[in-house]
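Asker: Below is the file data00.txt, with compact mmCIF, C-alpha atoms and all ligand atoms.
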# COMPACT_ATOMS: atom_id res chain seq x y z
CA MET A 1 0.00 0.00 0.00
CA PRO A 2 1.39 3.42 -0.92
CA GLY A 3 0.60 4.86 2.52
CA ASP A 4 2.83 2.29 4.22
CA MET A 5 5.73 2.83 1.86
CA VAL A 6 8.98 3.60 3.63
CA ILE A 7 11.09 5.87 1.47
CA SER A 8 14.82 6.00 1.87
CA LEU A 9 15.42 9.64 2.55
CA SER A 10 19.15 9.84 3.33
CA GLY A 11 18.98 6.23 4.42
CA VAL A 12 16.84 7.10 7.42
CA GLY A 13 13.79 5.28 6.10
CA MET A 14 11.17 7.83 7.08
CA ARG A 15 7.49 7.47 6.28
CA PRO A 16 5.87 10.28 4.25
CA GLU A 17 3.83 11.37 7.30
CA ASP A 18 7.05 11.83 9.32
CA LEU A 19 8.39 14.12 6.64
CA GLN A 20 5.45 16.50 7.09
CA THR A 21 6.80 17.52 10.49
CA ALA A 22 10.49 16.80 10.07
CA GLY A 23 10.78 18.16 6.49
CA ARG A 24 12.83 21.25 7.25
CA HIS A 25 15.36 19.43 9.33
CA GLU A 26 15.81 16.62 6.79
CA PHE A 27 16.28 18.91 3.78
CA ASP A 28 18.84 20.98 5.68
CA THR A 29 20.72 17.84 6.75
CA VAL A 30 20.77 16.38 3.25
CA LEU A 31 21.90 19.69 1.68
CA GLU A 32 24.66 19.99 4.27
CA GLN A 33 25.84 16.43 3.52
CA VAL A 34 25.85 16.97 -0.23
CA TRP A 35 27.67 20.28 0.15
CA SER A 36 30.42 18.81 2.34
CA THR A 37 30.78 15.77 0.08
CA HIS A 38 31.55 17.92 -2.97
CA ARG A 39 33.11 21.09 -1.55
CA GLU A 40 36.69 19.91 -2.26
CA ASN A 41 35.94 19.00 -5.89
CA ARG A 42 37.93 21.51 -7.95
CA GLN A 43 37.47 19.95 -11.38
CA GLY A 44 36.41 22.04 -14.33
CA MET A 45 37.05 25.60 -15.46
CA VAL A 46 35.20 28.88 -15.01
CA ALA A 47 33.83 30.08 -18.40
CA ASP A 48 35.98 32.78 -19.99
CA TYR A 49 34.70 32.98 -23.57
CA ILE A 50 32.48 35.78 -22.25
CA PRO A 51 35.37 37.71 -20.61
CA GLU A 52 33.35 39.09 -17.69
CA LEU A 53 32.31 35.58 -16.57
CA SER A 54 35.95 34.73 -15.79
CA LYS A 55 35.73 37.02 -12.74
CA ALA A 56 33.54 34.51 -10.83
CA ALA A 57 35.11 33.12 -7.64
CA PRO A 58 35.81 29.49 -8.61
CA ASP A 59 35.32 28.06 -5.12
CA ASP A 60 31.85 29.50 -4.52
CA PHE A 61 29.40 26.67 -3.99
CA GLY A 62 25.76 26.95 -2.99
CA LEU A 63 22.78 24.58 -2.83
CA ALA A 64 19.14 25.54 -2.35
CA ILE A 65 15.81 23.76 -2.23
CA ALA A 66 12.55 25.75 -2.35
CA THR A 67 9.30 23.91 -1.66
CA THR A 68 5.89 24.52 -3.19
CA ASN A 69 4.65 25.37 0.28
CA GLY A 70 7.00 28.32 0.39
CA ARG A 71 9.98 27.13 2.42
CA LEU A 72 13.64 27.57 1.51
CA HIS A 73 16.49 25.27 2.61
CA THR A 74 20.09 26.14 1.83
CA ALA A 75 23.76 25.21 2.21
CA GLY A 76 26.82 27.27 1.27
CA ASN A 77 26.99 30.39 -0.91
CA VAL A 78 23.35 30.81 -1.85
CA GLU A 79 23.34 34.62 -1.87
CA VAL A 80 26.26 35.13 -4.29
CA PRO A 81 25.00 36.81 -7.48
CA PHE A 82 25.78 35.24 -10.86
CA THR A 83 24.19 35.55 -14.28
CA ILE A 84 21.35 33.21 -15.18
CA GLN A 85 22.74 32.59 -18.71
CA SER A 86 21.11 29.65 -20.49
CA ILE A 87 18.72 28.90 -17.64
CA SER A 88 16.84 31.92 -19.03
CA LYS A 89 16.13 29.88 -22.18
CA ALA A 90 13.63 27.64 -20.39
CA LEU A 91 11.80 30.65 -18.96
CA THR A 92 11.62 32.65 -22.19
CA PHE A 93 10.38 29.53 -24.01
CA CYS A 94 7.59 29.33 -21.41
CA LEU A 95 6.71 33.00 -22.05
CA ALA A 96 6.76 32.54 -25.86
CA LEU A 97 4.33 29.60 -25.56
CA GLU A 98 1.98 31.83 -23.59
CA LEU A 99 2.24 34.83 -25.93
CA ALA A 100 2.39 33.19 -29.37
CA GLY A 101 0.77 29.80 -28.69
CA ARG A 102 2.17 26.30 -28.94
CA ASP A 103 1.67 25.82 -32.69
CA ALA A 104 3.24 29.12 -33.73
CA VAL A 105 6.28 28.44 -31.53
CA LEU A 106 6.61 24.85 -32.76
CA ALA A 107 6.54 26.06 -36.37
CA ARG A 108 9.75 27.98 -35.69
CA VAL A 109 11.63 25.86 -33.12
CA GLY A 110 11.46 22.10 -32.54
CA VAL A 111 11.47 20.00 -29.35
CA GLU A 112 14.02 17.33 -30.33
CA PRO A 113 17.29 16.91 -28.42
CA SER A 114 20.12 17.93 -30.73
CA GLY A 115 22.87 15.84 -29.15
CA ASP A 116 25.12 18.79 -29.95
CA ALA A 117 26.84 21.53 -27.97
CA PHE A 118 24.78 24.51 -26.81
CA ASN A 119 26.36 26.83 -29.39
CA ALA A 120 26.35 24.39 -32.32
CA ILE A 121 25.43 25.76 -35.73
CA VAL A 122 23.01 23.01 -36.73
CA PHE A 123 19.40 23.05 -37.86
CA ASP A 124 16.74 20.46 -38.60
CA PRO A 125 17.67 19.39 -42.15
CA VAL A 126 14.00 19.13 -43.24
CA ASN A 127 12.44 22.39 -42.08
CA LYS A 128 15.51 24.46 -41.11
CA ARG A 129 14.24 25.07 -37.55
CA PRO A 130 16.63 24.96 -34.61
CA PHE A 131 16.32 21.57 -32.90
CA ASN A 132 15.02 22.90 -29.57
CA PRO A 133 14.72 26.11 -27.50
CA MET A 134 17.43 25.11 -24.99
CA VAL A 135 20.36 25.56 -27.39
CA ASN A 136 21.47 29.02 -28.51
CA ALA A 137 19.90 28.81 -31.99
CA GLY A 138 16.51 27.91 -30.49
CA ALA A 139 16.73 30.51 -27.74
CA ILE A 140 17.61 33.30 -30.20
CA THR A 141 14.58 32.23 -32.27
CA VAL A 142 12.43 32.41 -29.12
CA ALA A 143 13.86 35.87 -28.39
CA GLY A 144 12.76 36.86 -31.90
CA ILE A 145 9.23 35.59 -31.21
CA LEU A 146 9.12 37.68 -28.00
CA CYS A 147 10.37 40.77 -29.88
CA GLU A 148 7.63 40.27 -32.48
CA ALA A 149 4.96 39.98 -29.80
CA LEU A 150 6.17 42.74 -27.48
CA GLY A 151 8.32 45.13 -29.55
CA THR A 152 10.62 47.33 -27.51
CA GLY A 153 8.89 46.25 -24.28
CA ALA A 154 10.18 42.68 -24.61
CA PHE A 155 13.04 42.89 -22.12
CA ASP A 156 10.97 44.66 -19.44
CA PHE A 157 8.33 41.95 -19.82
CA VAL A 158 10.94 39.21 -19.43
CA MET A 159 12.47 40.93 -16.40
CA ASP A 160 9.03 41.39 -14.78
CA ARG A 161 8.09 37.73 -15.23
CA PHE A 162 11.47 36.39 -14.08
CA SER A 163 11.13 38.65 -11.02
CA ASP A 164 7.58 37.40 -10.37
CA ALA A 165 8.90 33.84 -10.55
CA ALA A 166 11.74 34.60 -8.10
CA GLY A 167 9.47 36.57 -5.78
CA ARG A 168 11.78 39.61 -5.71
CA ARG A 169 12.88 42.33 -8.12
CA LEU A 170 15.83 41.02 -10.18
CA SER A 171 18.34 43.21 -12.00
CA LEU A 172 20.59 43.16 -15.06
CA ASP A 173 24.34 42.61 -14.69
CA ASP A 174 25.34 45.38 -17.03
CA ALA A 175 29.02 44.38 -17.22
CA VAL A 176 28.19 40.82 -18.31
CA TYR A 177 25.62 42.14 -20.80
CA ARG A 178 28.18 44.46 -22.41
CA SER A 179 30.87 41.79 -22.37
CA GLU A 180 28.61 39.31 -24.16
CA ALA A 181 27.25 41.88 -26.62
CA GLU A 182 30.84 42.82 -27.55
CA THR A 183 32.09 39.26 -28.01
CA GLY A 184 29.00 37.27 -29.09
CA HIS A 185 30.02 36.85 -32.71
CA ARG A 186 29.11 33.19 -32.92
CA ASN A 187 25.59 34.04 -31.72
CA ARG A 188 25.47 36.80 -34.36
CA ALA A 189 26.35 34.22 -37.02
CA ILE A 190 23.57 31.95 -35.71
CA ALA A 191 21.04 34.82 -35.78
CA HIS A 192 21.83 35.64 -39.40
CA LEU A 193 21.39 32.00 -40.40
CA LEU A 194 18.04 31.99 -38.57
CA LEU A 195 17.05 35.01 -40.66
CA ALA A 196 18.09 33.19 -43.83
CA ASN A 197 16.05 30.15 -42.69
CA ASP A 198 13.00 32.41 -42.15
CA VAL A 199 12.53 31.41 -38.53
CA LEU A 200 13.77 34.79 -37.30
CA ARG A 201 11.46 37.58 -38.47
CA VAL A 202 12.86 40.60 -36.66
CA PRO A 203 16.24 42.30 -37.23
CA PRO A 204 18.91 39.93 -35.85
CA GLU A 205 20.33 42.65 -33.58
CA ASP A 206 16.92 43.03 -31.84
CA ALA A 207 16.65 39.31 -31.06
CA LEU A 208 20.33 39.18 -30.02
CA ASP A 209 20.00 42.18 -27.73
CA LEU A 210 17.08 40.55 -25.90
CA TYR A 211 19.00 37.26 -25.78
CA PHE A 212 22.18 38.85 -24.38
CA ARG A 213 20.14 40.77 -21.80
CA GLN A 214 18.04 37.80 -20.65
CA CYS A 215 21.28 35.79 -20.19
CA SER A 216 22.74 38.64 -18.10
CA ILE A 217 19.99 38.75 -15.48
CA SER A 218 21.62 38.44 -12.08
CA VAL A 219 20.31 35.75 -9.70
CA THR A 220 21.41 33.83 -6.63
CA ALA A 221 21.00 30.12 -5.93
CA SER A 222 18.11 31.03 -3.62
CA ASP A 223 16.42 32.94 -6.45
CA LEU A 224 16.88 30.02 -8.84
CA ALA A 225 15.40 27.54 -6.36
CA ARG A 226 12.40 29.83 -5.91
CA ILE A 227 11.99 30.13 -9.69
CA GLY A 228 12.06 26.32 -9.78
CA ALA A 229 9.41 26.16 -7.06
CA THR A 230 7.26 28.51 -9.14
CA LEU A 231 7.53 26.14 -12.11
CA ALA A 232 6.83 23.19 -9.80
CA ASN A 233 3.82 25.09 -8.44
CA MET A 234 2.06 25.35 -11.82
CA GLY A 235 3.55 28.76 -12.57
CA GLU A 236 2.54 30.54 -9.35
CA ASN A 237 5.16 31.76 -6.88
CA PRO A 238 4.42 29.81 -3.66
CA VAL A 239 5.41 32.71 -1.38
CA THR A 240 3.81 35.72 -3.09
CA GLY A 241 0.96 33.86 -4.83
CA ARG A 242 1.73 35.77 -8.05
CA ALA A 243 1.31 33.93 -11.33
CA ALA A 244 4.53 34.18 -13.37
CA PHE A 245 3.87 31.52 -16.01
CA GLU A 246 0.86 29.95 -17.68
CA LEU A 247 -0.11 26.48 -16.52
CA ARG A 248 -0.07 24.71 -19.91
CA ALA A 249 3.15 26.43 -20.94
CA VAL A 250 4.81 25.15 -17.75
CA ARG A 251 4.05 21.55 -18.68
CA ASN A 252 5.53 22.01 -22.15
CA THR A 253 8.57 23.77 -20.72
CA LEU A 254 9.31 21.06 -18.16
CA ALA A 255 9.04 18.44 -20.90
CA VAL A 256 11.66 20.19 -23.03
CA MET A 257 13.89 20.77 -20.00
CA PHE A 258 13.70 17.03 -19.32
CA THR A 259 14.80 16.04 -22.82
CA CYS A 260 17.07 18.94 -23.84
CA GLY A 261 17.98 21.06 -20.81
CA MET A 262 21.51 19.73 -20.30
CA TYR A 263 22.58 19.90 -23.98
CA ASP A 264 24.69 16.93 -25.06
CA TYR A 265 24.52 15.55 -21.49
CA ALA A 266 20.70 15.47 -21.50
CA GLY A 267 20.48 11.69 -21.96
CA ASN A 268 22.90 10.95 -19.13
CA TRP A 269 21.08 13.44 -16.90
CA ALA A 270 17.68 11.83 -17.57
CA TYR A 271 19.22 8.43 -16.90
CA ASP A 272 20.95 9.28 -13.61
CA ILE A 273 19.04 12.21 -12.14
CA GLY A 274 15.68 12.12 -13.84
CA VAL A 275 14.24 15.58 -13.17
CA PRO A 276 13.69 18.41 -15.66
CA ALA A 277 16.67 20.76 -15.44
CA LYS A 278 18.50 23.59 -17.15
CA SER A 279 22.09 24.70 -16.79
CA GLY A 280 23.89 27.95 -17.60
CA VAL A 281 27.54 28.86 -18.17
CA GLY A 282 27.34 31.27 -15.24
CA GLY A 283 27.54 28.12 -13.07
CA GLY A 284 23.90 27.60 -12.13
CA ILE A 285 21.72 24.53 -12.58
CA LEU A 286 17.97 24.67 -11.97
CA GLY A 287 16.00 21.46 -11.38
CA VAL A 288 12.26 21.00 -10.89
CA VAL A 289 10.40 18.23 -9.09
CA ASN A 290 6.90 18.73 -10.38
CA ARG A 291 4.38 19.89 -7.75
CA GLN A 292 7.04 19.64 -5.02
CA LEU A 293 10.40 21.38 -5.32
CA GLY A 294 12.67 23.80 -7.08
CA ILE A 295 16.34 22.88 -6.65
CA ALA A 296 19.31 25.07 -7.51
CA THR A 297 23.06 24.60 -7.46
CA TYR A 298 25.71 27.25 -8.00
CA SER A 299 29.34 26.42 -8.68
CA PRO A 300 31.07 28.15 -11.60
CA ARG A 301 33.63 25.51 -12.58
CA LEU A 302 32.24 23.89 -15.74
CA ASP A 303 32.90 20.67 -17.61
CA THR A 304 33.65 20.62 -21.34
CA ARG A 305 29.93 20.69 -22.17
CA GLY A 306 29.39 23.90 -20.20
CA ASN A 307 27.61 22.26 -17.23
CA SER A 308 28.69 22.91 -13.63
CA VAL A 309 30.83 20.00 -12.36
CA ARG A 310 29.82 20.27 -8.69
CA GLY A 311 26.26 21.05 -9.81
CA ILE A 312 25.92 17.73 -11.62
CA ALA A 313 27.59 15.83 -8.77
CA SER A 314 25.29 17.49 -6.22
CA PHE A 315 22.15 16.75 -8.20
CA GLU A 316 23.22 13.10 -8.52
CA LEU A 317 23.53 12.78 -4.77
CA LEU A 318 20.36 14.74 -4.03
CA ALA A 319 18.38 12.62 -6.49
CA GLU A 320 19.67 9.48 -4.80
CA GLU A 321 19.13 10.69 -1.24
CA LEU A 322 15.67 12.16 -1.83
CA GLY A 323 14.37 9.65 -4.39
CA LEU A 324 13.78 12.41 -6.96
CA HIS A 325 14.13 10.47 -10.22
CA ALA A 326 10.86 10.51 -12.18
CA PHE A 327 11.02 6.71 -12.42
CA ASP A 328 12.21 6.03 -8.90
CA CYS A 329 10.14 3.41 -7.12
CA THR A 330 9.21 6.06 -4.55
CA ASN A 331 7.42 8.14 -7.19
CA MET A 332 3.93 6.73 -7.26
CA GLY A 333 2.71 8.36 -10.49
CA SER A 334 -0.57 10.13 -11.08
CA SER A 335 -3.03 9.90 -8.17
CA PHE A 336 -5.80 10.37 -10.72
CA VAL A 337 -4.75 7.23 -12.58
CA SER A 338 -4.40 5.41 -9.23
CA THR A 339 -8.07 6.02 -8.49
CA LEU A 340 -8.99 4.51 -11.87
CA ILE A 341 -6.80 1.46 -11.28
CA ARG A 342 -8.37 0.60 -7.93
N1 LIG B 1 24.90 33.57 -23.11
C1 LIG B 1 25.58 32.33 -23.29
C2 LIG B 1 25.92 32.11 -24.76
O1 LIG B 1 25.18 32.44 -25.61
C3 LIG B 1 24.71 31.25 -22.77
C4 LIG B 1 25.31 29.88 -22.93
C5 LIG B 1 25.01 28.93 -21.82
O2 LIG B 1 24.70 29.30 -20.69
N2 LIG B 1 25.16 27.67 -22.10
O3 LIG B 1 26.96 31.60 -25.08
Would you encode the structure as structure tokens?
Ligand code: GLN

Answerer:
Amino acid sequence: MPGDMVISLSGVGMRPEDLQTAGRHEFDTVLEQVWSTHRENRQGMVADYIPELSKAAPDDFGLAIATTNGRLHTAGNVEVPFTIQSISKALTFCLALELAGRDAVLARVGVEPSGDAFNAIVFDPVNKRPFNPMVNAGAITVAGILCEALGTGAFDFVMDRFSDAAGRRLSLDDAVYRSEAETGHRNRAIAHLLLANDVLRVPPEDALDLYFRQCSISVTASDLARIGATLANMGENPVTGRAAFELRAVRNTLAVMFTCGMYDYAGNWAYDIGVPAKSGVGGGILGVVNRQLGIATYSPRLDTRGNSVRGIASFELLAEELGLHAFDCTNMGSSFVSTLIR
């Protein structure tokens, strides 16, 4: 019987009803354990292809869990600001679905994993769309869709919605924005190809400017966890009660995060960790446990794919300790379907 199931939270073997009262303590303990397990891991390199990103302190390491009932649990450097980078791609995709509709977005950007690096210059050979919105080509296309829908107000709209999701007013890291705008020539090349492929329908510089700005929004690990909790909570921030994202768009966004959010590591991530997630070269990873948690890690040393080394290691351990994987035996599936099975 599901009610009698003993789940192996950090090996303690607590029953779900125990967690109701002991939840805070257990999350804090698990985060602390994961943080101390990986704090000495110094593998990977801080990104420097956007010169301003190289200024990040390589040893900073923070972990945060935000729950859909509004609580926050943390370990380490969870208030250090860093830029959201590619994690913004999941959120702008969600906004584009709301503004332009699923079919119009799908006509311009696919939902297939590319198996390629985030900045690869590859398109679907049949219809010339970018493979998915989580790689640069797809995200620049999505930025174009937002520019079409919102004109010059596009960035303010994005900033307002990201802030609603985080539950506090976020700001732009102007130095990172300028650094990326000055050096983002590969992204410029991608934008011009998107124009040639007729999936970008605004001037490339407009879409690129929105893209560079959205990537340069400054967040902390606590903010990211709260944004994750908003996604987990059907688009509504659990603390403020403000709706940041549309319900149906959230489902579509989580699905694409699950299959494409970690670039050419997406398959391994789904296999080992099994929650929708999105990483950024600023060092953040955002994970979502639907209807339960937002999880964030911050550690700026990256592997060769551009994913945070300690972030991946921490998610692996958290998924194991908390039974997070979508196909873990502790995840009982849809309660609606359960009622039909009985
Ligand atoms: N702004 C970065 C870029 O376009 C985002 C990449 C990332 O976070 N993976 O290169």

Asker: Between atom O1 of ligand LIG 1 (chain B) and atom CA of A:Ala64, what distance in Å does the model show, to one decimal?

Answerer: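 So the answer is 25.0 Å.
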
Asker: Of the candidates A:Asp28, A:Asp173, A:Glu98, A:Glu320, which shows the shortest atom-to-atom distance to A:Ile84, using only C-alpha atoms?

Answerer: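 Nearest to A:Ile84: A:Asp173.
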
Asker: Using only C-alpha atoms and all ligand atoms, which residues of the polymer chains come no farther than 10 Å from ligand LIG 1 (chain B)? I'd like the answer as JSON, numbers by chain.

Answerer: {"A": [47, 49, 50, 83, 84, 85, 86, 87, 88, 89, 117, 118, 119, 134, 135, 136, 137, 139, 140, 176, 177, 180, 181, 183, 184, 185, 186, 187, 188, 208, 211, 212, 213, 214, 215, 216, 261, 262, 263, 278, 279, 280, 281, 282, 283, 284, 285, 305, 306, 307]}

Asker: Under the rule of at most 9 Å, produce a per-residue listing of stretch 135-192 of chain A near stretch 99-110 of chain A: chain, number, name, the closest pair of atoms, and the distance in Å, as a Markdown table, using all atoms listed in the file.

Answerer:
| residue | atom | partner | partner_atom | distance |
| --- | --- | --- | --- | --- |
| A:Ala137 | CA | A:Val109 | CA | 8.9 |
| A:Gly138 | CA | A:Val109 | CA | 5.9 |
| A:Ala139 | CA | A:Val109 | CA | 8.8 |
| A:Thr141 | CA | A:Val109 | CA | 7.1 |
| A:Val142 | CA | A:Val105 | CA | 7.7 |
| A:Ile145 | CA | A:Ala100 | CA | 7.5 |
| A:Leu146 | CA | A:Leu99 | CA | 7.7 |
| A:Ala149 | CA | A:Leu99 | CA | 7.0 |
| A:Leu150 | CA | A:Leu99 | CA | 9.0 |

Asker: For A:Arg129, which residue out of A:Val288, A:Met159, A:Ile341, A:Ala196 is the nearest one, using only C-alpha atoms?

Answerer: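 Among the listed residues, A:Ala196 lies closest to A:Arg129.
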
Asker: Between A:Asn197, A:Ser54, A:Thr74, A:Thr220, which one has atoms that come closest to A:Pro130, using all atoms listed in the file?

Answerer: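 Distance minimum relative to A:Pro130 lands on A:Asn197.
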
Asker: Here is a test: counting all atoms listed in the file, which residue of A:Ser114, A:Thr253, A:Ser36, A:Ser314 is nearest to A:Gly228?

Answerer: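 For A:Gly228, the nearest of the given residues is A:Thr253.
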
Asker: So what do you get for atom CA of A:Phe327 versus atom CA of A:Ala243, distance-wise?

Answerer: 28.9 Å

Asker: Enter the distance from atom CA of A:Glu52 to atom CA of A:Arg178, in Å, rounded to one decimal.

Answerer: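 Going from atom CA of A:Glu52 over to atom CA of A:Arg178, I get 8.8 Å.
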
Asker: Which polymer residues, whether protein, DNA or RNA, lie within 8 Å of the coordinate (11.3, 36.9, -8.1) when you count only C-alpha atoms? List them as a ChimeraX atom specification, using the chain letters and numbers from the file.

Answerer: /A:161-170,223,226-227

Asker: Deliver the residues from the most recent selection as a file, using C-alpha atoms, as an mmCIF file, keeping the file's coordinate frame.

Answerer:
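See out.cif below for the written result:
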data_model
loop_
_atom_site.group_PDB
_atom_site.id
_atom_site.type_symbol
_atom_site.label_atom_id
_atom_site.label_comp_id
_atom_site.auth_asym_id
_atom_site.auth_seq_id
_atom_site.Cartn_x
_atom_site.Cartn_y
_atom_site.Cartn_z
ATOM 1 C CA ARG A 161 8.090 37.730 -15.230
ATOM 2 C CA PHE A 162 11.470 36.390 -14.080
ATOM 3 C CA SER A 163 11.130 38.650 -11.020
ATOM 4 C CA ASP A 164 7.580 37.400 -10.370
ATOM 5 C CA ALA A 165 8.900 33.840 -10.550
ATOM 6 C CA ALA A 166 11.740 34.600 -8.100
ATOM 7 C CA GLY A 167 9.470 36.570 -5.780
ATOM 8 C CA ARG A 168 11.780 39.610 -5.710
ATOM 9 C CA ARG A 169 12.880 42.330 -8.120
ATOM 10 C CA LEU A 170 15.830 41.020 -10.180
ATOM 11 C CA ASP A 223 16.420 32.940 -6.450
ATOM 12 C CA ARG A 226 12.400 29.830 -5.910
ATOM 13 C CA ILE A 227 11.990 30.130 -9.690
#

Asker: Return as JSON the box centre and box size in Å, one decimal, for an axis-aligned box around all listed atoms of stretch 216-234 of chain A padded by 6 Å per side.

Answerer:
{"center_x": 12.4, "center_y": 31.0, "center_z": -10.9, "size_x": 32.7, "size_y": 27.6, "size_z": 26.5}

Asker: Name all residues at most 10 Å from A:Arg248 (count all atoms listed in the file; drop same-chain ones fewer than 2 positions away) and give them as a list in words.

Answerer: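 Within the cut-off, the hits are Cys94, Leu97, Glu98, Arg102, Met234, Gly235, Phe245, Glu246, Val250, Arg251, Asn252 and Thr253 of chain A.
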
Asker: Starting from the sparse input, extend stretch 107-114 of chain A to all heavy atoms and give the output as a compact mmCIF listing (two decimals), in the coordinates of the input.

Answerer:
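And here is the file that came out, rebuild-v3.txt:
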# COMPACT_ATOMS: atom_id res chain seq x y z
N ALA A 107 6.25 25.88 -34.94
CA ALA A 107 6.54 26.06 -36.37
C ALA A 107 7.93 26.65 -36.58
O ALA A 107 8.52 26.51 -37.65
CB ALA A 107 5.49 26.99 -36.99
N ARG A 108 8.47 27.28 -35.54
CA ARG A 108 9.75 27.98 -35.69
C ARG A 108 10.89 27.31 -34.93
O ARG A 108 12.06 27.52 -35.26
CB ARG A 108 9.61 29.42 -35.19
CG ARG A 108 8.38 30.13 -35.76
CD ARG A 108 8.71 31.01 -36.91
NE ARG A 108 9.33 32.22 -36.45
CZ ARG A 108 8.66 33.30 -36.04
NH1 ARG A 108 7.33 33.29 -36.03
NH2 ARG A 108 9.29 34.37 -35.68
N VAL A 109 10.57 26.54 -33.89
CA VAL A 109 11.63 25.86 -33.12
C VAL A 109 11.10 24.51 -32.65
O VAL A 109 9.97 24.42 -32.15
CB VAL A 109 12.14 26.75 -31.95
CG1 VAL A 109 11.05 27.21 -31.04
CG2 VAL A 109 13.22 26.02 -31.14
N GLY A 110 11.90 23.45 -32.84
CA GLY A 110 11.46 22.10 -32.54
C GLY A 110 11.59 21.75 -31.07
O GLY A 110 11.90 22.60 -30.22
N VAL A 111 11.33 20.48 -30.73
CA VAL A 111 11.47 20.00 -29.35
C VAL A 111 12.27 18.69 -29.31
O VAL A 111 12.09 17.88 -28.43
CB VAL A 111 10.08 19.83 -28.66
CG1 VAL A 111 9.42 21.17 -28.44
CG2 VAL A 111 9.16 18.91 -29.46
N GLU A 112 13.16 18.53 -30.29
CA GLU A 112 14.02 17.33 -30.33
C GLU A 112 15.38 17.63 -29.72
O GLU A 112 15.99 18.66 -30.06
CB GLU A 112 14.26 16.89 -31.77
CG GLU A 112 13.16 16.11 -32.43
CD GLU A 112 12.62 14.95 -31.63
OE1 GLU A 112 13.40 14.26 -30.94
OE2 GLU A 112 11.40 14.74 -31.69
N PRO A 113 15.91 16.72 -28.88
CA PRO A 113 17.29 16.91 -28.42
C PRO A 113 18.23 16.93 -29.63
O PRO A 113 18.02 16.19 -30.59
CB PRO A 113 17.57 15.67 -27.57
CG PRO A 113 16.30 14.92 -27.45
CD PRO A 113 15.27 15.52 -28.37
N SER A 114 19.22 17.81 -29.58
CA SER A 114 20.12 17.93 -30.73
C SER A 114 21.31 17.00 -30.59
O SER A 114 21.94 16.63 -31.59
CB SER A 114 20.61 19.37 -30.88
OG SER A 114 21.42 19.70 -29.78
